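Shown next: structure-v6.csv, given as CSV, C-alpha atoms.
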chain,number,residue,atom,x,y,z
N,1,MET,CA,56.0,-82.2,-20.7
N,2,SER,CA,57.6,-85.0,-18.8
N,3,ASP,CA,60.5,-83.3,-17.2
N,4,HIS,CA,62.0,-85.2,-14.3
N,5,VAL,CA,61.8,-83.3,-11.0
N,6,SER,CA,64.5,-84.6,-8.7
N,7,PRO,CA,63.6,-84.8,-5.0
N,8,VAL,CA,65.3,-82.1,-2.7
N,9,SER,CA,66.9,-84.9,-0.7
N,10,LEU,CA,68.8,-86.0,-3.8
N,11,TYR,CA,70.3,-82.5,-4.2
N,12,ILE,CA,71.2,-82.3,-0.5
N,13,THR,CA,72.9,-85.8,-0.7
N,14,ILE,CA,74.9,-84.7,-3.8
N,15,PHE,CA,75.9,-81.5,-2.0
N,16,LEU,CA,77.0,-83.3,1.1
N,17,SER,CA,79.0,-85.9,-1.0
N,18,LEU,CA,80.7,-83.0,-2.8
N,19,MET,CA,81.7,-81.5,0.6
N,20,VAL,CA,83.0,-84.8,1.9
N,21,LEU,CA,85.0,-85.4,-1.3
N,22,THR,CA,86.5,-81.9,-1.0
N,23,ALA,CA,87.6,-82.7,2.6
N,24,LEU,CA,89.0,-86.0,1.3
N,25,THR,CA,91.0,-84.4,-1.5
N,26,VAL,CA,92.5,-81.8,1.0
N,27,SER,CA,93.5,-84.5,3.5
N,28,ALA,CA,94.8,-86.8,0.7
N,29,ALA,CA,97.1,-83.9,-0.4
N,30,PHE,CA,98.8,-84.0,3.1
N,31,ILE,CA,99.6,-87.6,2.8
N,32,ASN,CA,102.8,-88.5,0.9
N,33,LEU,CA,101.6,-90.9,-1.8
N,34,GLY,CA,104.6,-90.3,-4.1
N,35,THR,CA,103.6,-90.2,-7.7
N,36,PHE,CA,100.0,-91.1,-6.8
N,37,ASN,CA,99.1,-87.8,-5.2
N,38,PHE,CA,98.3,-86.3,-8.5
N,39,PRO,CA,96.2,-89.2,-9.9
N,40,VAL,CA,94.3,-89.4,-6.7
N,41,ALA,CA,93.5,-85.7,-6.7
N,42,MET,CA,92.4,-85.9,-10.3
N,43,LEU,CA,90.3,-89.0,-9.7
N,44,ILE,CA,88.4,-87.3,-6.8
N,45,ALA,CA,88.0,-84.1,-8.9
N,46,GLY,CA,86.7,-86.2,-11.8
N,47,PHE,CA,84.2,-88.0,-9.6
N,48,LYS,CA,83.0,-84.7,-8.2
N,49,ALA,CA,82.5,-83.3,-11.7
N,50,SER,CA,80.6,-86.4,-12.7
N,51,LEU,CA,78.2,-85.9,-9.7
N,52,VAL,CA,77.6,-82.3,-10.7
N,53,ILE,CA,77.0,-83.2,-14.4
N,54,TRP,CA,74.9,-86.2,-13.7
N,55,TYR,CA,72.6,-84.8,-11.0
N,56,PHE,CA,72.9,-81.0,-10.8
N,57,MET,CA,73.0,-80.6,-14.6
N,58,HIS,CA,70.4,-83.3,-15.1
N,59,MET,CA,72.5,-85.2,-17.6
N,60,LYS,CA,71.0,-88.4,-16.2
N,61,TYR,CA,67.6,-87.5,-17.7
N,62,GLN,CA,68.8,-86.0,-21.0
N,63,SER,CA,68.5,-87.7,-24.4
N,64,HIS,CA,71.2,-89.9,-25.9
N,65,LEU,CA,72.1,-87.1,-28.3
N,66,THR,CA,72.9,-84.7,-25.4
N,67,LYS,CA,74.9,-87.4,-23.7
N,68,LEU,CA,76.8,-88.0,-26.9
N,69,ALA,CA,77.6,-84.3,-27.2
N,70,LEU,CA,79.1,-84.4,-23.7
N,71,ALA,CA,81.1,-87.5,-24.5
N,72,THR,CA,82.4,-85.8,-27.6
N,73,GLY,CA,83.7,-82.9,-25.6
N,74,ILE,CA,85.4,-85.1,-23.0
N,75,PHE,CA,86.9,-87.2,-25.9
N,76,PHE,CA,88.5,-84.1,-27.5
N,77,LEU,CA,89.7,-82.8,-24.2
N,78,ALA,CA,91.4,-86.2,-23.7
N,79,ILE,CA,93.1,-85.8,-27.1
N,80,LEU,CA,94.2,-82.3,-26.3
N,81,LEU,CA,95.7,-83.3,-22.9
N,82,GLY,CA,96.9,-86.8,-23.8
N,83,GLU,CA,98.5,-86.3,-27.2
N,84,THR,CA,100.2,-83.1,-26.1
N,85,MET,CA,101.7,-84.7,-23.1
N,86,VAL,CA,102.8,-87.7,-25.1
N,87,ASP,CA,104.7,-85.3,-27.3
N,88,TYR,CA,106.3,-83.3,-24.4
N,89,VAL,CA,107.2,-86.3,-22.3
N,90,SER,CA,108.7,-88.4,-25.1
N,91,LYS,CA,110.7,-85.7,-26.8
N,92,ASP,CA,113.7,-83.7,-25.7
N,93,PHE,CA,112.0,-80.4,-25.3
N,94,ASN,CA,113.6,-79.7,-21.9
N,95,ARG,CA,115.7,-76.9,-23.2
N,96,ILE,CA,115.3,-74.2,-20.6
N,97,PRO,CA,116.5,-70.7,-21.4
N,98,GLY,CA,118.5,-68.7,-18.9
N,99,PRO,CA,120.7,-69.9,-16.1
N,100,ILE,CA,118.6,-73.0,-15.3
N,101,GLU,CA,120.4,-76.2,-15.8
N,102,ALA,CA,118.1,-78.5,-17.8
N,103,SER,CA,119.7,-81.6,-16.5
N,104,SER,CA,119.1,-80.6,-12.8
N,105,ILE,CA,115.4,-80.7,-13.4
N,106,ILE,CA,115.2,-83.8,-15.6
N,107,LYS,CA,117.2,-85.8,-13.0
N,108,LYS,CA,114.7,-85.0,-10.4
R,1,MET,CA,61.9,-86.1,-21.8
R,2,SER,CA,61.8,-87.7,-25.2
R,3,ASN,CA,64.9,-89.3,-26.5
R,4,VAL,CA,64.3,-88.2,-30.1
R,5,VAL,CA,64.5,-84.6,-31.2
R,6,ALA,CA,61.8,-84.2,-33.8
R,7,PRO,CA,59.4,-87.1,-34.6
R,8,ALA,CA,58.2,-88.3,-31.1
R,9,GLY,CA,56.0,-85.4,-30.2
R,10,HIS,CA,55.2,-84.4,-33.7
R,11,ALA,CA,51.7,-85.6,-34.0
R,12,ALA,CA,50.8,-84.6,-30.5
R,13,GLY,CA,52.4,-81.2,-31.0
R,14,HIS,CA,50.1,-80.3,-33.8
R,15,HIS,CA,47.2,-80.8,-31.5
R,16,ASP,CA,48.9,-78.6,-28.9
R,17,SER,CA,49.6,-75.9,-31.3
R,18,HIS,CA,45.9,-75.6,-32.3
R,19,ALA,CA,44.4,-76.1,-28.9
R,20,ALA,CA,46.4,-74.9,-25.8
R,21,HIS,CA,49.3,-73.1,-27.3
R,22,HIS,CA,51.9,-72.2,-24.7
R,23,PRO,CA,52.9,-68.5,-25.1
R,24,ALA,CA,56.6,-69.3,-24.8
R,25,LEU,CA,56.4,-71.9,-27.7
R,26,GLN,CA,58.2,-70.5,-30.8
R,27,HIS,CA,56.5,-71.1,-34.1
R,28,HIS,CA,59.4,-73.2,-35.5
R,29,PHE,CA,59.0,-75.8,-32.8
R,30,ASP,CA,56.2,-78.4,-32.7
R,31,THR,CA,56.2,-79.0,-28.9
R,32,MET,CA,57.6,-77.5,-25.8
R,33,ALA,CA,59.6,-80.7,-25.3
R,34,GLN,CA,61.2,-80.3,-28.7
R,35,GLN,CA,62.0,-76.7,-28.0
R,36,LYS,CA,63.5,-77.6,-24.7
R,37,GLU,CA,65.6,-80.4,-26.2
R,38,ALA,CA,67.0,-78.0,-28.8
R,39,ALA,CA,67.9,-75.5,-26.1
R,40,VAL,CA,69.6,-78.1,-23.9
R,41,ILE,CA,71.7,-79.4,-26.8
R,42,GLY,CA,72.6,-75.9,-27.9
R,43,MET,CA,73.8,-75.1,-24.4
R,44,TRP,CA,75.8,-78.2,-24.0
R,45,VAL,CA,77.5,-77.5,-27.4
R,46,PHE,CA,78.4,-74.1,-26.0
R,47,LEU,CA,79.8,-75.7,-22.8
R,48,LEU,CA,81.9,-78.0,-24.9
R,49,THR,CA,83.6,-75.0,-26.5
R,50,GLU,CA,84.2,-73.8,-23.0
R,51,ILE,CA,85.7,-77.1,-21.9
R,52,LEU,CA,88.3,-76.8,-24.7
R,53,PHE,CA,88.7,-73.1,-24.0
R,54,PHE,CA,89.8,-73.9,-20.4
R,55,GLY,CA,91.5,-77.1,-21.8
R,56,GLY,CA,94.2,-75.0,-23.5
R,57,LEU,CA,95.1,-73.5,-20.2
R,58,PHE,CA,95.1,-76.9,-18.5
R,59,VAL,CA,97.6,-78.2,-21.1
R,60,ALA,CA,99.9,-75.2,-20.5
R,61,TYR,CA,99.6,-75.9,-16.8
R,62,MET,CA,100.4,-79.6,-17.3
R,63,ILE,CA,103.5,-79.0,-19.4
R,64,TYR,CA,105.0,-76.4,-17.0
R,65,ARG,CA,104.1,-78.5,-14.0
R,66,VAL,CA,106.0,-81.5,-15.5
R,67,TRP,CA,109.0,-79.3,-16.3
R,68,TYR,CA,109.2,-77.2,-13.1
R,69,PHE,CA,107.6,-79.5,-10.6
R,70,GLU,CA,109.6,-78.2,-7.7
R,71,ALA,CA,108.7,-74.6,-8.5
R,72,PHE,CA,105.0,-75.5,-8.7
R,73,ALA,CA,105.2,-77.3,-5.4
R,74,GLU,CA,106.9,-74.4,-3.7
R,75,ALA,CA,104.7,-71.8,-5.2
R,76,SER,CA,101.5,-73.7,-4.5
R,77,ARG,CA,102.3,-73.7,-0.8
R,78,ARG,CA,102.2,-69.9,-0.9
R,79,LEU,CA,98.5,-70.0,-1.6
R,80,SER,CA,96.1,-69.9,1.4
R,81,LEU,CA,94.5,-73.3,1.8
R,82,PHE,CA,91.9,-71.7,4.1
R,83,TRP,CA,90.6,-69.2,1.5
R,84,GLY,CA,90.8,-71.8,-1.3
R,85,GLY,CA,89.0,-74.4,0.7
R,86,LEU,CA,86.4,-71.9,1.8
R,87,ASN,CA,85.8,-70.8,-1.7
R,88,THR,CA,85.4,-74.4,-2.8
R,89,ALA,CA,82.7,-74.9,-0.2
R,90,VAL,CA,81.0,-71.6,-1.2
R,91,LEU,CA,80.9,-72.6,-4.8
R,92,ILE,CA,79.6,-76.0,-4.2
R,93,GLY,CA,76.9,-74.4,-1.9
R,94,SER,CA,76.0,-72.0,-4.7
R,95,SER,CA,75.6,-75.0,-7.1
R,96,LEU,CA,73.1,-76.5,-4.6
R,97,THR,CA,71.1,-73.3,-4.4
R,98,MET,CA,71.1,-73.1,-8.2
R,99,ALA,CA,69.9,-76.6,-8.5
R,100,LEU,CA,67.1,-75.8,-6.0
R,101,ALA,CA,66.2,-72.7,-8.0
R,102,VAL,CA,65.7,-74.8,-11.1
R,103,ARG,CA,63.7,-77.3,-9.1
R,104,CYS,CA,61.4,-74.5,-7.8
R,105,ALA,CA,60.9,-73.2,-11.3
R,106,GLN,CA,59.9,-76.8,-12.3
R,107,THR,CA,57.4,-76.9,-9.5
R,108,ASN,CA,55.8,-73.5,-10.1
R,109,SER,CA,57.2,-71.9,-7.0
R,110,ARG,CA,57.9,-68.4,-8.3
R,111,LYS,CA,58.8,-66.9,-4.9
R,112,TRP,CA,61.4,-69.6,-4.1
R,113,THR,CA,62.9,-69.6,-7.6
R,114,VAL,CA,63.7,-65.9,-7.0
R,115,ASN,CA,64.9,-66.5,-3.5
R,116,TRP,CA,67.3,-69.3,-4.4
R,117,LEU,CA,68.6,-67.3,-7.4
R,118,ILE,CA,69.3,-64.4,-5.2
R,119,LEU,CA,71.1,-66.7,-2.7
R,120,THR,CA,73.1,-68.1,-5.6
R,121,MET,CA,74.2,-64.6,-6.6
R,122,ILE,CA,75.2,-63.8,-3.1
R,123,LEU,CA,77.3,-66.9,-2.8
R,124,GLY,CA,78.9,-66.0,-6.2
R,125,CYS,CA,79.8,-62.6,-4.9
R,126,VAL,CA,81.2,-64.1,-1.7
R,127,PHE,CA,83.4,-66.2,-3.9
R,128,LEU,CA,84.6,-63.2,-5.8
R,129,GLY,CA,85.2,-61.2,-2.6
R,130,VAL,CA,87.4,-64.0,-1.3
R,131,LYS,CA,89.2,-63.9,-4.6
R,132,VAL,CA,89.8,-60.2,-4.1
R,133,ILE,CA,91.3,-60.9,-0.7
R,134,GLU,CA,93.6,-63.5,-2.2
R,135,TYR,CA,94.7,-61.3,-5.1
R,136,ARG,CA,95.4,-58.5,-2.7
R,137,ASP,CA,97.6,-60.7,-0.7
R,138,LYS,CA,99.6,-61.7,-3.8
R,139,PHE,CA,100.1,-58.0,-4.7
R,140,ALA,CA,101.2,-57.2,-1.2
R,141,ASN,CA,103.8,-60.1,-1.2
R,142,TYR,CA,105.3,-59.3,-4.7
R,143,GLU,CA,103.9,-62.5,-6.1
R,144,VAL,CA,102.3,-61.0,-9.1
R,145,PRO,CA,104.2,-61.8,-12.3
R,146,GLY,CA,105.9,-58.8,-13.9
R,147,ALA,CA,108.6,-56.2,-13.1
R,148,THR,CA,107.9,-56.2,-9.3
R,149,TYR,CA,107.8,-60.0,-9.0
R,150,ASN,CA,110.1,-61.1,-6.2
R,151,TRP,CA,110.0,-64.7,-5.0
R,152,ASN,CA,112.7,-64.1,-2.4
R,153,TYR,CA,111.1,-60.9,-1.0
R,154,HIS,CA,110.5,-62.3,2.5
R,155,GLU,CA,114.0,-63.8,2.8
R,156,GLU,CA,115.6,-60.6,1.6
R,157,HIS,CA,113.4,-58.6,4.0
R,158,GLU,CA,114.3,-60.8,6.9
R,159,ALA,CA,118.0,-60.7,6.0
R,160,ALA,CA,117.9,-56.9,5.9
R,161,ALA,CA,116.1,-56.8,9.2
R,162,ALA,CA,118.7,-59.2,10.7
R,163,ALA,CA,121.5,-57.0,9.4
R,164,GLY,CA,119.9,-53.9,10.7
R,165,ALA,CA,119.4,-55.4,14.2
R,166,GLY,CA,123.2,-55.8,14.5
R,167,GLU,CA,125.6,-58.5,13.5
R,168,HIS,CA,125.4,-60.7,16.6
R,169,ALA,CA,127.5,-63.8,16.4
R,170,ALA,CA,124.6,-66.0,17.6
R,171,ALA,CA,122.4,-65.0,14.7
R,172,ALA,CA,124.8,-65.8,12.0
R,173,PRO,CA,125.2,-69.6,12.3
R,174,GLU,CA,121.4,-70.0,12.8
R,175,GLY,CA,120.7,-68.2,9.5
R,176,GLY,CA,123.4,-70.2,7.7
R,177,GLU,CA,122.0,-73.5,9.0
R,178,SER,CA,118.4,-72.7,7.9
R,179,ALA,CA,119.6,-71.7,4.5
R,180,GLU,CA,121.5,-74.9,4.2
R,181,ALA,CA,118.4,-76.9,5.3
R,182,ALA,CA,116.4,-75.0,2.7
R,183,ALA,CA,119.0,-75.8,0.0
R,184,HIS,CA,118.8,-79.4,0.9
R,185,HIS,CA,115.0,-79.3,0.6
R,186,VAL,CA,114.8,-77.4,-2.7
R,187,LYS,CA,117.3,-78.1,-5.4
R,188,MET,CA,116.6,-74.9,-7.4
R,189,THR,CA,118.6,-71.8,-6.7
R,190,PRO,CA,116.7,-68.6,-5.6
R,191,ASP,CA,117.3,-67.2,-9.1
R,192,GLN,CA,115.9,-70.3,-10.7
R,193,LEU,CA,112.9,-70.2,-8.4
R,194,GLN,CA,112.4,-66.5,-9.2
R,195,ARG,CA,112.0,-67.4,-12.9
R,196,THR,CA,110.1,-70.7,-12.7
R,197,THR,CA,107.6,-69.8,-9.9
R,198,GLN,CA,106.7,-66.8,-11.9
R,199,LEU,CA,105.3,-69.2,-14.5
R,200,TYR,CA,103.2,-70.8,-11.9
R,201,PHE,CA,101.8,-67.5,-10.8
R,202,SER,CA,101.1,-66.5,-14.4
R,203,LEU,CA,99.0,-69.6,-14.8
R,204,TYR,CA,97.4,-69.0,-11.4
R,205,PHE,CA,96.3,-65.6,-12.3
R,206,THR,CA,95.2,-66.5,-15.9
R,207,MET,CA,93.2,-69.5,-14.8
R,208,THR,CA,91.6,-68.1,-11.7
R,209,GLY,CA,91.1,-64.8,-13.5
R,210,LEU,CA,89.3,-66.4,-16.4
R,211,HIS,CA,87.3,-68.4,-14.0
R,212,ALA,CA,86.4,-65.3,-12.0
R,213,LEU,CA,85.3,-63.6,-15.3
R,214,HIS,CA,83.0,-66.5,-15.9
R,215,MET,CA,81.6,-66.0,-12.4
R,216,ILE,CA,81.0,-62.3,-13.0
R,217,ILE,CA,79.2,-63.2,-16.3
R,218,GLY,CA,77.2,-65.8,-14.4
R,219,VAL,CA,76.1,-63.3,-11.8
R,220,GLY,CA,75.1,-60.9,-14.5
R,221,LEU,CA,73.2,-63.7,-16.3
R,222,MET,CA,71.4,-64.5,-13.1
R,223,LEU,CA,70.3,-61.0,-12.5
R,224,VAL,CA,68.4,-61.1,-15.8
R,225,ILE,CA,67.0,-64.5,-15.0
R,226,THR,CA,65.9,-63.4,-11.5
R,227,GLY,CA,64.1,-60.4,-13.1
R,228,MET,CA,62.3,-62.7,-15.5
R,229,ALA,CA,61.4,-65.1,-12.7
R,230,TRP,CA,60.1,-62.1,-10.6
R,231,LYS,CA,57.9,-61.0,-13.4
R,232,GLY,CA,56.4,-64.5,-13.6
R,233,LYS,CA,57.7,-65.5,-17.0
R,234,PHE,CA,58.3,-69.1,-16.0
R,235,ASP,CA,56.1,-72.0,-15.1
R,236,ASP,CA,56.4,-75.8,-15.0
R,237,GLN,CA,56.1,-75.9,-18.9
R,238,TYR,CA,58.6,-73.2,-19.6
R,239,TYR,CA,61.6,-72.6,-17.4
R,240,THR,CA,64.4,-73.1,-20.0
R,241,PRO,CA,66.3,-69.8,-19.2
R,242,VAL,CA,66.6,-70.8,-15.5
R,243,GLU,CA,67.9,-74.3,-16.4
R,244,MET,CA,70.3,-72.9,-19.0
R,245,ALA,CA,71.7,-70.4,-16.5
R,246,GLY,CA,72.0,-73.3,-14.1
R,247,LEU,CA,74.0,-75.4,-16.6
R,248,TYR,CA,76.4,-72.4,-17.0
R,249,TRP,CA,76.8,-72.0,-13.3
R,250,HIS,CA,77.4,-75.7,-12.7
R,251,PHE,CA,80.0,-75.7,-15.4
R,252,VAL,CA,81.9,-72.8,-13.8
R,253,ASP,CA,81.7,-74.8,-10.5
R,254,ILE,CA,83.2,-77.9,-12.3
R,255,VAL,CA,86.1,-75.8,-13.6
R,256,TRP,CA,86.9,-74.7,-10.0
R,257,ILE,CA,86.6,-78.3,-8.8
R,258,PHE,CA,89.7,-79.0,-11.0
R,259,LEU,CA,91.4,-75.7,-10.4
R,260,PHE,CA,91.4,-76.2,-6.6
R,261,PRO,CA,93.6,-79.3,-6.4
R,262,LEU,CA,95.7,-78.2,-9.3
R,263,LEU,CA,96.6,-74.8,-7.9
R,264,TYR,CA,96.3,-75.2,-4.1
R,265,LEU,CA,97.2,-78.8,-3.5
R,266,VAL,CA,100.5,-79.5,-5.2
R,267,GLU,CA,102.8,-81.4,-2.8
R,268,ARG,CA,101.2,-80.1,0.4
R,269,HIS,CA,102.6,-83.0,2.4
R,270,MET,CA,106.2,-81.8,2.3
Show me this structure written as structure tokens.
Amino acid sequence: MSDHVSPVSLYITIFLSLMVLTALTVSAAFINLGTFNFPVAMLIAGFKASLVIWYFMHMKYQSHLTKLALATGIFFLAILLGETMVDYVSKDFNRIPGPIEASSIIKK
Amino acid sequence: MSNVVAPAGHAAGHHDSHAAHHPALQHHFDTMAQQKEAAVIGMWVFLLTEILFFGGLFVAYMIYRVWYFEAFAEASRRLSLFWGGLNTAVLIGSSLTMALAVRCAQTNSRKWTVNWLILTMILGCVFLGVKVIEYRDKFANYEVPGATYNWNYHEEHEAAAAAGAGEHAAAAPEGGESAEAAAHHVKMTPDQLQRTTQLYFSLYFTMTGLHALHMIIGVGLMLVITGMAWKGKFDDQYYTPVEMAGLYWHFVDIVWIFLFPLLYLVERHM
């Protein structure tokens, strides 16, 4: 069997990168980036997840079929999140029960 | 690792099956490589269902976060960044020890496979222990959704204490001023916050609870794998169970990588 054995130094490097990125995402949260706080946080989290998948989970050395399987999952997650948000953002669903004024939240 | 599922190792596989037949090779596979490939794909397909499983909760979170952003920002600041950050580090560390356990299995180091697996389980339990501390804190502060949920518990408590201490004239304007400042900062009324922050905490407990359940399952899984490793069931030709447990563990780590900024880091800069 020709399984790829990654060097220990690679695992240590990935671990340290993940720690640095965690510190980065915490410090970024304390800076006011306006609407960009959320995308920045998600970008860092996405990059961290990619490092874990690619090196810790050995996706780098897997077959094209396995890579395609992962891509399929991400694709459908994107549909789930994206299409749902398109619906909720574009339509007037902001009818809030109880004493909360819907307009006070939308205006924000 | 061959890029093709069946045909590549087919011819060679027949030689193997007649000559040196690995005891872990099931009869319906030609080669160890083919068997491994099938396991890896099967595990990833399972993980995809897990992605969409958690995905539903992420969608619910997104919708309510857009609707009640102020409430999410306020409630998020009630979580302890120290414990959340510590747990993130612990979980990333456990991913490293897990990766090293798989590597030791690949290189025939039985002793260190077991050691790294045990360390991974310990780190997993540390994570769960910290989670218990955090949950306990939420119960103590009436921040668990339900009949006892009280977003304004501390303010009411302080107000009652101030009233009990005596109605000094100096204390009154100060209290009024801080309430005014708070009102300027937050547009929602206490009653609105009481309702909307409860949604945040419902999501917090559901998402972290489901994640913690996965951690518990992961530790249980690893107990079995550690036992198998201890008995010497793995070698550089066959270590699939270790690698599959690893994939599961890393997946749970990835879920937390997203949960941490989503739950702990909403508008921290205010």
Exercise for the section: When you get a sec, could you note down which chain R residues fall within 6 Å of chain N, using all atoms listed in the file, as a PyMOL selection string? Expected result: chain R and resi 1+3+41+48+59+99+192+247+254+257-258+265+268-269
Exercise for the section: Write out as a ChimeraX atom specification which residues come within 12 Å of range 79-84 of chain R when counting all atoms listed in the file, dropping same-chain ones fewer than 6 positions away. Expected result: /N:22-23,26-27,29-30 /R:72-73,90-91,126-138,141,143,200-201,204-205,208,256-257,259-266,268
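Interatomic distance, CA of Asn115 in chain R against CA of Phe251 in chain R: 21.3 Å.
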Handout entry: Interatomic distance, CA of Arg103 in chain R to CA of Gly246 in chain R (Å, one decimal)
Key =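 CA of Arg103 in chain R sits 10.5 Å away from CA of Gly246 in chain R.
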Handout entry: Counting all atoms listed in the file, the residue of R:Tyr238, R:Phe69, R:Trp116, R:Tyr149 that sits nearest Glu267 in chain R
Key =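 The answer is R:Phe69, which sits nearest to Glu267 in chain R.
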Problem - Given all atoms listed in the file as the counted atoms, nearest of R:Leu123, R:Met188, R:Leu221, R:Leu199 to Gly146 in chain R - result: R:Leu199
Problem - Using only C-alpha atoms: which of R:Arg110, R:Lys187, R:His28, R:Arg195 has the shortest distance to Asn152 in chain R - result: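 Closest to Asn152 in chain R of all the choices is R:Arg195.
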Starting from the sparse input, extend range 196-216 of chain R to N, CA and C atoms and give the output as a short mmCIF file (atom, residue, chain, number, x, y, z; two decimals), in the coordinates of the input.
data_model
loop_
_atom_site.label_atom_id
_atom_site.label_comp_id
_atom_site.auth_asym_id
_atom_site.auth_seq_id
_atom_site.Cartn_x
_atom_site.Cartn_y
_atom_site.Cartn_z
N THR R 196 111.03 -69.59 -12.42
CA THR R 196 110.10 -70.70 -12.70
C THR R 196 108.76 -70.50 -11.88
N THR R 197 108.86 -69.97 -10.65
CA THR R 197 107.60 -69.80 -9.90
C THR R 197 106.76 -68.69 -10.52
N GLN R 198 107.41 -67.81 -11.26
CA GLN R 198 106.70 -66.80 -11.90
C GLN R 198 105.71 -67.37 -12.99
N LEU R 199 106.18 -68.47 -13.59
CA LEU R 199 105.30 -69.20 -14.50
C LEU R 199 104.08 -69.73 -13.84
N TYR R 200 104.33 -70.30 -12.65
CA TYR R 200 103.20 -70.80 -11.90
C TYR R 200 102.19 -69.72 -11.60
N PHE R 201 102.69 -68.57 -11.13
CA PHE R 201 101.80 -67.50 -10.80
C PHE R 201 101.10 -66.88 -12.02
N SER R 202 101.79 -66.90 -13.15
CA SER R 202 101.10 -66.50 -14.40
C SER R 202 99.95 -67.33 -14.69
N LEU R 203 100.15 -68.64 -14.57
CA LEU R 203 99.00 -69.60 -14.80
C LEU R 203 97.96 -69.43 -13.76
N TYR R 204 98.39 -69.22 -12.52
CA TYR R 204 97.40 -69.00 -11.40
C TYR R 204 96.51 -67.86 -11.73
N PHE R 205 97.10 -66.74 -12.11
CA PHE R 205 96.30 -65.60 -12.30
C PHE R 205 95.43 -65.70 -13.62
N THR R 206 95.99 -66.32 -14.64
CA THR R 206 95.20 -66.50 -15.90
C THR R 206 94.02 -67.41 -15.65
N MET R 207 94.28 -68.55 -15.01
CA MET R 207 93.20 -69.50 -14.80
C MET R 207 92.15 -69.06 -13.86
N THR R 208 92.58 -68.56 -12.69
CA THR R 208 91.60 -68.10 -11.70
C THR R 208 90.91 -66.81 -12.24
N GLY R 209 91.68 -66.01 -12.99
CA GLY R 209 91.10 -64.80 -13.50
C GLY R 209 90.01 -65.09 -14.57
N LEU R 210 90.30 -66.03 -15.45
CA LEU R 210 89.30 -66.40 -16.40
C LEU R 210 88.09 -67.05 -15.77
N HIS R 211 88.36 -67.81 -14.73
CA HIS R 211 87.30 -68.40 -14.00
C HIS R 211 86.42 -67.33 -13.29
N ALA R 212 87.10 -66.35 -12.70
CA ALA R 212 86.40 -65.30 -12.00
C ALA R 212 85.56 -64.46 -13.03
N LEU R 213 86.10 -64.28 -14.24
CA LEU R 213 85.30 -63.60 -15.30
C LEU R 213 84.05 -64.34 -15.60
N HIS R 214 84.17 -65.66 -15.64
CA HIS R 214 83.00 -66.50 -15.90
C HIS R 214 81.96 -66.32 -14.73
N MET R 215 82.49 -66.20 -13.52
CA MET R 215 81.60 -66.00 -12.40
C MET R 215 80.86 -64.67 -12.50
N ILE R 216 81.59 -63.63 -12.91
CA ILE R 216 81.00 -62.30 -13.00
C ILE R 216 79.88 -62.37 -14.11
#
